[in-house]
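Inspection log for the structure reproduced underneath, given as structure tokens.
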There are 2 protein chains.
Amino acid sequence: MILSQRCEYAIRTALFLAATDRHDYVAVREISDALHIPQAFLAKTVQALTGAGIFASMRGPTGGLTLGRPAAQITLKEIVLAVDGGDLFTDCVLGLPGCSDRQPCPLHDQWAPARARVHDMFATATLADTAARTQAGDFRLAFEPV
Amino acid sequence: MILSQRCEYAIRTALFLAATDRHDYVAVREISDALHIPQAFLAKTVQALTGAGIFASMRGPTGGLTLGRPAAQITLKEIVLAVDGGDLFTDCVLGLPGCSDRQPCPLHDQWAPARARVHDMFATATLADTAARTQAGDFRLAFEPV
DNA sequence: CCTAATCAGGACTTATGGGTCCTAAAACCT
DNA sequence: AGGTTTTAGGACCCATAAGTCCTGATTAGG
């Protein structure tokens with residue numbers, strides 16, 4: 001798996017919030033039902049995002065989650081960093097510590113550009129762009145379309 | 001981690017065999033010492049490669065491991081497939097089952113080409129090419145150069 | 001033939017990510 | 001004020017990857 005399960009859930013949740021474009025708070029329960037994610041696990045996962053300011057949360061009967069900033073100003077890279085950390089964008093493909101341009105492993109020259117391609121994909125994709133595509137076509141956030 | 005620990009060990013072992021270009025069998029113990037890999041764990045890991053014909057093994061005092069075919073005819077993709085399977089090259093970045101061109105997730109159009117780039121890197125890289133680079137420069141197969 | 005060295009592979013232990021459960025704290029509503 | 005609904009977060013359980021240990025099968029060499 002390229003992303004952890006937590007991170008897949010986090011991105012799908014963020015896209016759900018951006019795509020349904022509501023002004024009020026959306027309860028974790030509602031999201032976990034729509035996306036078929038275990039509720040308690042999602043509740044813990046989003047704490048990493050609220051802590052990073054990517055989500056905002058409110059308690060109480062009308063509480064729930066909402067985006068902490070406009071969807072156009074949130075990249076998928078931020079979400080990955082908040083949940084999984086930056087290892088995906090920096091680590092050696094052979095797991096060798098200190099691998100770099102100065103002290104490369106035998107695959108470094110091939111891996112570095114491929115890794116950069118993956119990085120750029122996450123750094124370029126904003127929630128607004130991606131959510132717009134979600135609403136447009138056949139795109140799905142769950143196995144059964146939401 | 002993009003590759004499992006097993007797979008990182010497997011590739012480094014294959015490169016070690018290709019780089020030291022010996023005609024005889026090399027004992028697992030010798031490899032695990034050189035690359036700082038737990039011996040018993042490496043012994044189990046390479047069974048996936050001997051089973052796939054990528055390595056050949058021989059028991060007894062002069063036994064050990066050797067490449068099953070010429071290094072120029074072994075790609076890193078084969079090793080990944082034998083150890084980790086093909087999920088890295090086919091799975092949806094959001095973990096949605098059945099994601100494809102026909103039934104895409106919101107990130108499919110961005111992810112598919114990035115994933116193809118990673119695939120092509122492993123499919124193109126042969127043990128011979130990569131091992132040649134290992135011998136040439138400062139390249140390393142272990143934290144302390146071998 | 002016997003011993004030592006090596007791979008093969010099952011059984012077991014440990015570490016970690018995924019997931020559940022329960023209690024506390026905050027916010028709304030009557 | 002008090003009850004209900006929600007997030008926050010600690011404690012715990014489970015599945016799997018990582019790693020260890022031991023026994024057996026095979027081979028070389030005296």
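Residues are referred to by chain and number: the chain letter is A, B, ... according to the order shown in the structure tokens, the number counts from 1 in that chain, and ligands are numbered separately from 1 in the order shown.
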
Please give the complete set of residues from range 17-144 of chain A that DSSP, run on the backbone, assigns to helix (DSSP H, G or I), formatted as a PDB file with N, CA and C atoms, in the first residue's frame.
```pdb
ATOM      1  N   LEU A  17     -16.143  16.138   2.308  1.00  0.00           N
ATOM      2  CA  LEU A  17     -16.494  17.453   2.838  1.00  0.00           C
ATOM      3  C   LEU A  17     -16.442  18.519   1.744  1.00  0.00           C
ATOM      4  N   ALA A  18     -15.420  18.436   0.917  1.00  0.00           N
ATOM      5  CA  ALA A  18     -15.283  19.446  -0.141  1.00  0.00           C
ATOM      6  C   ALA A  18     -16.366  19.279  -1.203  1.00  0.00           C
ATOM      7  N   ALA A  19     -16.729  18.030  -1.503  1.00  0.00           N
ATOM      8  CA  ALA A  19     -17.689  17.778  -2.581  1.00  0.00           C
ATOM      9  C   ALA A  19     -19.112  18.134  -2.169  1.00  0.00           C
ATOM     10  N   THR A  20     -19.465  17.892  -0.906  1.00  0.00           N
ATOM     11  CA  THR A  20     -20.835  18.167  -0.482  1.00  0.00           C
ATOM     12  C   THR A  20     -21.018  19.627  -0.072  1.00  0.00           C
ATOM     13  N   VAL A  28     -19.173  12.898  12.214  1.00  0.00           N
ATOM     14  CA  VAL A  28     -18.330  11.771  11.816  1.00  0.00           C
ATOM     15  C   VAL A  28     -19.210  10.582  11.449  1.00  0.00           C
ATOM     16  N   ARG A  29     -20.257  10.374  12.207  1.00  0.00           N
ATOM     17  CA  ARG A  29     -21.158   9.255  11.958  1.00  0.00           C
ATOM     18  C   ARG A  29     -21.731   9.280  10.541  1.00  0.00           C
ATOM     19  N   GLU A  30     -22.112  10.490  10.108  1.00  0.00           N
ATOM     20  CA  GLU A  30     -22.682  10.633   8.764  1.00  0.00           C
ATOM     21  C   GLU A  30     -21.644  10.293   7.695  1.00  0.00           C
ATOM     22  N   ILE A  31     -20.418  10.731   7.916  1.00  0.00           N
ATOM     23  CA  ILE A  31     -19.348  10.476   6.944  1.00  0.00           C
ATOM     24  C   ILE A  31     -19.011   8.989   6.898  1.00  0.00           C
ATOM     25  N   SER A  32     -18.868   8.384   8.080  1.00  0.00           N
ATOM     26  CA  SER A  32     -18.461   6.977   8.111  1.00  0.00           C
ATOM     27  C   SER A  32     -19.545   6.090   7.491  1.00  0.00           C
ATOM     28  N   ASP A  33     -20.808   6.479   7.651  1.00  0.00           N
ATOM     29  CA  ASP A  33     -21.881   5.724   7.000  1.00  0.00           C
ATOM     30  C   ASP A  33     -21.792   5.845   5.477  1.00  0.00           C
ATOM     31  N   ALA A  34     -21.598   7.071   5.003  1.00  0.00           N
ATOM     32  CA  ALA A  34     -21.588   7.309   3.558  1.00  0.00           C
ATOM     33  C   ALA A  34     -20.409   6.625   2.882  1.00  0.00           C
ATOM     34  N   LEU A  35     -19.233   6.644   3.537  1.00  0.00           N
ATOM     35  CA  LEU A  35     -18.018   6.128   2.905  1.00  0.00           C
ATOM     36  C   LEU A  35     -17.667   4.714   3.351  1.00  0.00           C
ATOM     37  N   GLN A  39     -16.557   3.801  12.206  1.00  0.00           N
ATOM     38  CA  GLN A  39     -16.780   5.119  12.794  1.00  0.00           C
ATOM     39  C   GLN A  39     -15.714   5.519  13.817  1.00  0.00           C
ATOM     40  N   ALA A  40     -15.459   4.639  14.796  1.00  0.00           N
ATOM     41  CA  ALA A  40     -14.531   4.994  15.870  1.00  0.00           C
ATOM     42  C   ALA A  40     -13.123   5.219  15.319  1.00  0.00           C
ATOM     43  N   PHE A  41     -12.787   4.429  14.309  1.00  0.00           N
ATOM     44  CA  PHE A  41     -11.446   4.558  13.726  1.00  0.00           C
ATOM     45  C   PHE A  41     -11.325   5.875  12.967  1.00  0.00           C
ATOM     46  N   LEU A  42     -12.368   6.240  12.237  1.00  0.00           N
ATOM     47  CA  LEU A  42     -12.343   7.515  11.514  1.00  0.00           C
ATOM     48  C   LEU A  42     -12.266   8.676  12.494  1.00  0.00           C
ATOM     49  N   ALA A  43     -13.004   8.569  13.611  1.00  0.00           N
ATOM     50  CA  ALA A  43     -12.999   9.639  14.603  1.00  0.00           C
ATOM     51  C   ALA A  43     -11.586   9.914  15.107  1.00  0.00           C
ATOM     52  N   LYS A  44     -10.817   8.836  15.324  1.00  0.00           N
ATOM     53  CA  LYS A  44      -9.442   9.031  15.796  1.00  0.00           C
ATOM     54  C   LYS A  44      -8.553   9.560  14.679  1.00  0.00           C
ATOM     55  N   THR A  45      -8.797   9.100  13.475  1.00  0.00           N
ATOM     56  CA  THR A  45      -7.948   9.485  12.357  1.00  0.00           C
ATOM     57  C   THR A  45      -8.038  10.985  12.074  1.00  0.00           C
ATOM     58  N   VAL A  46      -9.249  11.521  12.118  1.00  0.00           N
ATOM     59  CA  VAL A  46      -9.404  12.938  11.773  1.00  0.00           C
ATOM     60  C   VAL A  46      -8.791  13.858  12.822  1.00  0.00           C
ATOM     61  N   GLN A  47      -8.474  13.339  13.997  1.00  0.00           N
ATOM     62  CA  GLN A  47      -7.833  14.183  15.004  1.00  0.00           C
ATOM     63  C   GLN A  47      -6.494  14.717  14.500  1.00  0.00           C
ATOM     64  N   ALA A  48      -5.805  13.917  13.680  1.00  0.00           N
ATOM     65  CA  ALA A  48      -4.547  14.390  13.103  1.00  0.00           C
ATOM     66  C   ALA A  48      -4.783  15.581  12.181  1.00  0.00           C
ATOM     67  N   LEU A  49      -5.946  15.601  11.540  1.00  0.00           N
ATOM     68  CA  LEU A  49      -6.237  16.689  10.608  1.00  0.00           C
ATOM     69  C   LEU A  49      -6.734  17.935  11.327  1.00  0.00           C
ATOM     70  N   THR A  50      -7.552  17.751  12.367  1.00  0.00           N
ATOM     71  CA  THR A  50      -7.999  18.916  13.130  1.00  0.00           C
ATOM     72  C   THR A  50      -6.803  19.528  13.864  1.00  0.00           C
ATOM     73  N   GLY A  51      -5.917  18.683  14.354  1.00  0.00           N
ATOM     74  CA  GLY A  51      -4.720  19.180  15.020  1.00  0.00           C
ATOM     75  C   GLY A  51      -3.854  20.008  14.088  1.00  0.00           C
ATOM     76  N   ALA A  71     -11.355  24.967   0.246  1.00  0.00           N
ATOM     77  CA  ALA A  71     -10.888  23.732  -0.382  1.00  0.00           C
ATOM     78  C   ALA A  71      -9.803  23.980  -1.420  1.00  0.00           C
ATOM     79  N   ALA A  72      -9.810  25.162  -1.995  1.00  0.00           N
ATOM     80  CA  ALA A  72      -8.814  25.474  -3.029  1.00  0.00           C
ATOM     81  C   ALA A  72      -7.434  25.689  -2.418  1.00  0.00           C
ATOM     82  N   GLN A  73      -7.378  25.863  -1.103  1.00  0.00           N
ATOM     83  CA  GLN A  73      -6.094  26.136  -0.443  1.00  0.00           C
ATOM     84  C   GLN A  73      -5.580  24.925   0.326  1.00  0.00           C
ATOM     85  N   LEU A  76      -3.564  17.706  -1.244  1.00  0.00           N
ATOM     86  CA  LEU A  76      -3.540  16.345  -0.733  1.00  0.00           C
ATOM     87  C   LEU A  76      -2.226  16.053  -0.028  1.00  0.00           C
ATOM     88  N   LYS A  77      -1.176  16.722  -0.446  1.00  0.00           N
ATOM     89  CA  LYS A  77       0.121  16.534   0.202  1.00  0.00           C
ATOM     90  C   LYS A  77       0.046  16.878   1.688  1.00  0.00           C
ATOM     91  N   GLU A  78      -0.653  17.961   2.017  1.00  0.00           N
ATOM     92  CA  GLU A  78      -0.797  18.338   3.426  1.00  0.00           C
ATOM     93  C   GLU A  78      -1.438  17.231   4.240  1.00  0.00           C
ATOM     94  N   ILE A  79      -2.448  16.597   3.643  1.00  0.00           N
ATOM     95  CA  ILE A  79      -3.157  15.530   4.351  1.00  0.00           C
ATOM     96  C   ILE A  79      -2.231  14.343   4.570  1.00  0.00           C
ATOM     97  N   VAL A  80      -1.480  13.984   3.527  1.00  0.00           N
ATOM     98  CA  VAL A  80      -0.545  12.869   3.657  1.00  0.00           C
ATOM     99  C   VAL A  80       0.485  13.170   4.739  1.00  0.00           C
ATOM    100  N   LEU A  81       1.015  14.386   4.737  1.00  0.00           N
ATOM    101  CA  LEU A  81       2.012  14.761   5.740  1.00  0.00           C
ATOM    102  C   LEU A  81       1.428  14.668   7.142  1.00  0.00           C
ATOM    103  N   ALA A  82       0.190  15.122   7.321  1.00  0.00           N
ATOM    104  CA  ALA A  82      -0.411  15.146   8.653  1.00  0.00           C
ATOM    105  C   ALA A  82      -0.682  13.731   9.167  1.00  0.00           C
ATOM    106  N   VAL A  83      -0.985  12.796   8.276  1.00  0.00           N
ATOM    107  CA  VAL A  83      -1.383  11.456   8.707  1.00  0.00           C
ATOM    108  C   VAL A  83      -0.217  10.467   8.651  1.00  0.00           C
ATOM    109  N   ASP A  84       0.497  10.431   7.532  1.00  0.00           N
ATOM    110  CA  ASP A  84       1.555   9.432   7.339  1.00  0.00           C
ATOM    111  C   ASP A  84       2.958   9.997   7.526  1.00  0.00           C
ATOM    112  N   ASP A  87       7.696  10.409   4.804  1.00  0.00           N
ATOM    113  CA  ASP A  87       8.596   9.351   4.371  1.00  0.00           C
ATOM    114  C   ASP A  87       8.404   8.990   2.902  1.00  0.00           C
ATOM    115  N   LEU A  88       7.153   8.954   2.450  1.00  0.00           N
ATOM    116  CA  LEU A  88       6.864   8.578   1.068  1.00  0.00           C
ATOM    117  C   LEU A  88       7.607   9.472   0.086  1.00  0.00           C
ATOM    118  N   PHE A  89       7.811  10.728   0.470  1.00  0.00           N
ATOM    119  CA  PHE A  89       8.404  11.700  -0.449  1.00  0.00           C
ATOM    120  C   PHE A  89       9.918  11.798  -0.309  1.00  0.00           C
ATOM    121  N   THR A  90      10.478  11.126   0.695  1.00  0.00           N
ATOM    122  CA  THR A  90      11.903  11.300   0.952  1.00  0.00           C
ATOM    123  C   THR A  90      12.682   9.986   1.049  1.00  0.00           C
ATOM    124  N   HIS A 108      19.187   5.094  -6.872  1.00  0.00           N
ATOM    125  CA  HIS A 108      18.802   6.467  -6.547  1.00  0.00           C
ATOM    126  C   HIS A 108      18.480   7.298  -7.796  1.00  0.00           C
ATOM    127  N   ASP A 109      19.317   7.204  -8.814  1.00  0.00           N
ATOM    128  CA  ASP A 109      19.112   8.033 -10.006  1.00  0.00           C
ATOM    129  C   ASP A 109      17.825   7.687 -10.739  1.00  0.00           C
ATOM    130  N   GLN A 110      17.385   6.459 -10.603  1.00  0.00           N
ATOM    131  CA  GLN A 110      16.118   6.072 -11.237  1.00  0.00           C
ATOM    132  C   GLN A 110      14.929   6.413 -10.330  1.00  0.00           C
ATOM    133  N   TRP A 111      15.110   6.186  -9.028  1.00  0.00           N
ATOM    134  CA  TRP A 111      13.996   6.345  -8.098  1.00  0.00           C
ATOM    135  C   TRP A 111      13.670   7.809  -7.830  1.00  0.00           C
ATOM    136  N   ALA A 112      14.670   8.640  -7.676  1.00  0.00           N
ATOM    137  CA  ALA A 112      14.435  10.035  -7.289  1.00  0.00           C
ATOM    138  C   ALA A 112      13.424  10.735  -8.210  1.00  0.00           C
ATOM    139  N   PRO A 113      13.564  10.632  -9.533  1.00  0.00           N
ATOM    140  CA  PRO A 113      12.564  11.300 -10.375  1.00  0.00           C
ATOM    141  C   PRO A 113      11.176  10.666 -10.293  1.00  0.00           C
ATOM    142  N   ALA A 114      11.112   9.342 -10.142  1.00  0.00           N
ATOM    143  CA  ALA A 114       9.802   8.695 -10.007  1.00  0.00           C
ATOM    144  C   ALA A 114       9.124   9.146  -8.711  1.00  0.00           C
ATOM    145  N   ARG A 115       9.913   9.214  -7.640  1.00  0.00           N
ATOM    146  CA  ARG A 115       9.397   9.684  -6.354  1.00  0.00           C
ATOM    147  C   ARG A 115       8.943  11.132  -6.468  1.00  0.00           C
ATOM    148  N   ALA A 116       9.688  11.946  -7.202  1.00  0.00           N
ATOM    149  CA  ALA A 116       9.313  13.348  -7.382  1.00  0.00           C
ATOM    150  C   ALA A 116       7.985  13.457  -8.127  1.00  0.00           C
ATOM    151  N   ARG A 117       7.766  12.552  -9.060  1.00  0.00           N
ATOM    152  CA  ARG A 117       6.501  12.540  -9.813  1.00  0.00           C
ATOM    153  C   ARG A 117       5.328  12.283  -8.871  1.00  0.00           C
ATOM    154  N   VAL A 118       5.505  11.342  -7.968  1.00  0.00           N
ATOM    155  CA  VAL A 118       4.458  11.041  -6.987  1.00  0.00           C
ATOM    156  C   VAL A 118       4.246  12.254  -6.070  1.00  0.00           C
ATOM    157  N   HIS A 119       5.350  12.816  -5.611  1.00  0.00           N
ATOM    158  CA  HIS A 119       5.261  14.002  -4.755  1.00  0.00           C
ATOM    159  C   HIS A 119       4.481  15.115  -5.439  1.00  0.00           C
ATOM    160  N   ASP A 120       4.814  15.402  -6.693  1.00  0.00           N
ATOM    161  CA  ASP A 120       4.179  16.508  -7.400  1.00  0.00           C
ATOM    162  C   ASP A 120       2.685  16.273  -7.582  1.00  0.00           C
ATOM    163  N   MET A 121       2.324  14.998  -7.744  1.00  0.00           N
ATOM    164  CA  MET A 121       0.904  14.717  -7.895  1.00  0.00           C
ATOM    165  C   MET A 121       0.133  15.144  -6.650  1.00  0.00           C
ATOM    166  N   PHE A 122       0.659  14.778  -5.476  1.00  0.00           N
ATOM    167  CA  PHE A 122      -0.020  15.127  -4.228  1.00  0.00           C
ATOM    168  C   PHE A 122       0.094  16.626  -3.937  1.00  0.00           C
ATOM    169  N   ALA A 123       1.222  17.231  -4.299  1.00  0.00           N
ATOM    170  CA  ALA A 123       1.429  18.652  -4.009  1.00  0.00           C
ATOM    171  C   ALA A 123       0.568  19.528  -4.905  1.00  0.00           C
ATOM    172  N   THR A 124       0.278  19.054  -6.104  1.00  0.00           N
ATOM    173  CA  THR A 124      -0.487  19.850  -7.067  1.00  0.00           C
ATOM    174  C   THR A 124      -1.984  19.727  -6.864  1.00  0.00           C
ATOM    175  N   LEU A 127      -7.996  20.039  -2.894  1.00  0.00           N
ATOM    176  CA  LEU A 127      -9.302  19.447  -2.602  1.00  0.00           C
ATOM    177  C   LEU A 127     -10.370  19.995  -3.554  1.00  0.00           C
ATOM    178  N   ALA A 128     -10.274  21.294  -3.881  1.00  0.00           N
ATOM    179  CA  ALA A 128     -11.283  21.906  -4.745  1.00  0.00           C
ATOM    180  C   ALA A 128     -11.279  21.249  -6.129  1.00  0.00           C
ATOM    181  N   ASP A 129     -10.105  21.153  -6.742  1.00  0.00           N
ATOM    182  CA  ASP A 129      -9.991  20.526  -8.064  1.00  0.00           C
ATOM    183  C   ASP A 129     -10.535  19.111  -8.044  1.00  0.00           C
ATOM    184  N   THR A 130     -10.047  18.324  -7.081  1.00  0.00           N
ATOM    185  CA  THR A 130     -10.386  16.908  -7.056  1.00  0.00           C
ATOM    186  C   THR A 130     -11.859  16.701  -6.744  1.00  0.00           C
ATOM    187  N   ALA A 131     -12.402  17.524  -5.842  1.00  0.00           N
ATOM    188  CA  ALA A 131     -13.814  17.398  -5.498  1.00  0.00           C
ATOM    189  C   ALA A 131     -14.697  17.783  -6.685  1.00  0.00           C
ATOM    190  N   ALA A 132     -14.252  18.739  -7.463  1.00  0.00           N
ATOM    191  CA  ALA A 132     -15.022  19.133  -8.645  1.00  0.00           C
ATOM    192  C   ALA A 132     -15.159  17.952  -9.598  1.00  0.00           C
ATOM    193  N   ARG A 133     -14.055  17.221  -9.796  1.00  0.00           N
ATOM    194  CA  ARG A 133     -14.125  16.027 -10.648  1.00  0.00           C
ATOM    195  C   ARG A 133     -15.045  14.981 -10.036  1.00  0.00           C
ATOM    196  N   THR A 134     -15.066  14.901  -8.708  1.00  0.00           N
ATOM    197  CA  THR A 134     -15.929  13.915  -8.051  1.00  0.00           C
ATOM    198  C   THR A 134     -17.388  14.143  -8.404  1.00  0.00           C
ATOM    199  N   GLN A 135     -17.800  15.421  -8.360  1.00  0.00           N
ATOM    200  CA  GLN A 135     -19.197  15.733  -8.644  1.00  0.00           C
ATOM    201  C   GLN A 135     -19.540  15.575 -10.117  1.00  0.00           C
ATOM    202  N   ALA A 136     -18.561  15.855 -10.996  1.00  0.00           N
ATOM    203  CA  ALA A 136     -18.833  15.885 -12.427  1.00  0.00           C
ATOM    204  C   ALA A 136     -19.241  14.529 -12.983  1.00  0.00           C
TER     205      ALA A 136
END
```

Please return, as a PyMOL selection string, all residues of chain D lying within 12 Å of chain B when only C-alpha atoms (C1' of nucleotides) are considered.
chain D and resi 17-22+25-29

Any idea which chain C residues end up within 10 Å of chain B if we count only C-alpha atoms (C1' of nucleotides), as a list in words please?
DA4, DA5, DT6, DC7, DA8 and DG9 of chain C

Given the selection you just returned, output its residues as a file containing C-alpha atoms (C1' of nucleotides), formatted as a short mmCIF file (atom, residue, chain, number, x, y, z; two decimals), in the first residue's frame.
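New file selection_23.cif:
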```
data_model
loop_
_atom_site.label_atom_id
_atom_site.label_comp_id
_atom_site.auth_asym_id
_atom_site.auth_seq_id
_atom_site.Cartn_x
_atom_site.Cartn_y
_atom_site.Cartn_z
"C1'" DA C 4 30.21 -30.67 9.00
"C1'" DA C 5 28.08 -27.10 6.37
"C1'" DT C 6 24.31 -25.40 4.10
"C1'" DC C 7 19.32 -24.61 2.48
"C1'" DA C 8 14.15 -25.77 3.52
"C1'" DG C 9 10.56 -24.94 6.27
#
```

Filtered DSSP result for chain A, state strand (DSSP E or B), as a PyMOL selection string
chain A and resi 26+55-58+64-67+75+126

Just the selected residues (N, CA and C atoms), exported as a PDB file, in the first residue's frame, please.
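selection-v7.pdb, written as the output of this step:
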```pdb
ATOM      1  N   VAL A  26     -20.471  18.553   9.681  1.00  0.00           N
ATOM      2  CA  VAL A  26     -20.962  17.229   9.301  1.00  0.00           C
ATOM      3  C   VAL A  26     -20.456  16.216  10.326  1.00  0.00           C
ATOM      4  N   PHE A  55      -8.796  20.374   9.183  1.00  0.00           N
ATOM      5  CA  PHE A  55     -10.223  20.311   9.526  1.00  0.00           C
ATOM      6  C   PHE A  55     -10.462  21.214  10.733  1.00  0.00           C
ATOM      7  N   ALA A  56     -11.711  21.637  10.899  1.00  0.00           N
ATOM      8  CA  ALA A  56     -12.157  22.271  12.139  1.00  0.00           C
ATOM      9  C   ALA A  56     -13.286  21.417  12.690  1.00  0.00           C
ATOM     10  N   SER A  57     -13.379  21.322  14.015  1.00  0.00           N
ATOM     11  CA  SER A  57     -14.407  20.471  14.619  1.00  0.00           C
ATOM     12  C   SER A  57     -15.205  21.248  15.659  1.00  0.00           C
ATOM     13  N   MET A  58     -16.386  20.784  15.917  1.00  0.00           N
ATOM     14  CA  MET A  58     -17.252  21.372  16.922  1.00  0.00           C
ATOM     15  C   MET A  58     -18.002  20.252  17.625  1.00  0.00           C
ATOM     16  N   GLY A  64     -19.628  18.554  14.572  1.00  0.00           N
ATOM     17  CA  GLY A  64     -19.101  17.669  13.528  1.00  0.00           C
ATOM     18  C   GLY A  64     -17.816  18.225  12.952  1.00  0.00           C
ATOM     19  N   LEU A  65     -17.597  17.975  11.686  1.00  0.00           N
ATOM     20  CA  LEU A  65     -16.375  18.394  11.017  1.00  0.00           C
ATOM     21  C   LEU A  65     -16.689  19.329   9.866  1.00  0.00           C
ATOM     22  N   THR A  66     -15.713  20.174   9.570  1.00  0.00           N
ATOM     23  CA  THR A  66     -15.774  20.991   8.358  1.00  0.00           C
ATOM     24  C   THR A  66     -14.346  21.319   7.965  1.00  0.00           C
ATOM     25  N   LEU A  67     -14.152  21.821   6.758  1.00  0.00           N
ATOM     26  CA  LEU A  67     -12.806  22.147   6.315  1.00  0.00           C
ATOM     27  C   LEU A  67     -12.288  23.361   7.080  1.00  0.00           C
ATOM     28  N   THR A  75      -4.021  21.112  -0.118  1.00  0.00           N
ATOM     29  CA  THR A  75      -3.499  20.109  -1.052  1.00  0.00           C
ATOM     30  C   THR A  75      -3.542  18.732  -0.413  1.00  0.00           C
ATOM     31  N   THR A 126      -5.396  19.901  -5.389  1.00  0.00           N
ATOM     32  CA  THR A 126      -6.113  20.550  -4.290  1.00  0.00           C
ATOM     33  C   THR A 126      -7.439  19.837  -4.072  1.00  0.00           C
TER      34      THR A 126
END
```

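Near DT23 in chain C, within 12 Å and counting only C-alpha atoms (C1' of nucleotides), sit DA8, DG9, DG10 and DA11 of chain D, not including residues fewer than 4 positions from it in the same chain.
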
Go ahead and write the selection's residues with N, CA and C atoms (P, O5', C5', C4', C3', O3' and C1' of nucleotides) as a PDB file, in the first residue's frame.
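File written: selection_2.pdb
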```
ATOM      1  P    DA D   8     -12.365  16.577  17.892  1.00  0.00           P
ATOM      2  O5'  DA D   8     -12.090  16.008  19.361  1.00  0.00           O
ATOM      3  C5'  DA D   8     -12.206  16.868  20.500  1.00  0.00           C
ATOM      4  C4'  DA D   8     -11.353  16.357  21.654  1.00  0.00           C
ATOM      5  C3'  DA D   8     -10.009  15.710  21.271  1.00  0.00           C
ATOM      6  O3'  DA D   8      -9.030  16.081  22.234  1.00  0.00           O
ATOM      7  C1'  DA D   8     -11.384  14.104  22.366  1.00  0.00           C
ATOM      8  P    DG D   9      -7.481  15.614  22.046  1.00  0.00           P
ATOM      9  O5'  DG D   9      -7.402  14.218  22.801  1.00  0.00           O
ATOM     10  C5'  DG D   9      -7.784  14.149  24.178  1.00  0.00           C
ATOM     11  C4'  DG D   9      -7.779  12.698  24.634  1.00  0.00           C
ATOM     12  C3'  DG D   9      -6.615  11.850  24.101  1.00  0.00           C
ATOM     13  O3'  DG D   9      -6.099  11.093  25.159  1.00  0.00           O
ATOM     14  C1'  DG D   9      -8.620  10.739  23.797  1.00  0.00           C
ATOM     15  P    DG D  10      -4.493  10.789  25.247  1.00  0.00           P
ATOM     16  O5'  DG D  10      -4.435   9.671  26.395  1.00  0.00           O
ATOM     17  C5'  DG D  10      -5.208   9.840  27.584  1.00  0.00           C
ATOM     18  C4'  DG D  10      -5.855   8.519  27.988  1.00  0.00           C
ATOM     19  C3'  DG D  10      -4.911   7.315  27.921  1.00  0.00           C
ATOM     20  O3'  DG D  10      -5.009   6.571  29.136  1.00  0.00           O
ATOM     21  C1'  DG D  10      -6.901   6.871  26.697  1.00  0.00           C
ATOM     22  P    DA D  11      -3.904   5.386  29.397  1.00  0.00           P
ATOM     23  O5'  DA D  11      -4.766   4.055  29.141  1.00  0.00           O
ATOM     24  C5'  DA D  11      -6.049   3.917  29.743  1.00  0.00           C
ATOM     25  C4'  DA D  11      -6.696   2.632  29.264  1.00  0.00           C
ATOM     26  C3'  DA D  11      -5.725   1.459  29.112  1.00  0.00           C
ATOM     27  O3'  DA D  11      -6.253   0.307  29.764  1.00  0.00           O
ATOM     28  C1'  DA D  11      -6.945   1.793  27.104  1.00  0.00           C
TER      29       DA D  11
END
```
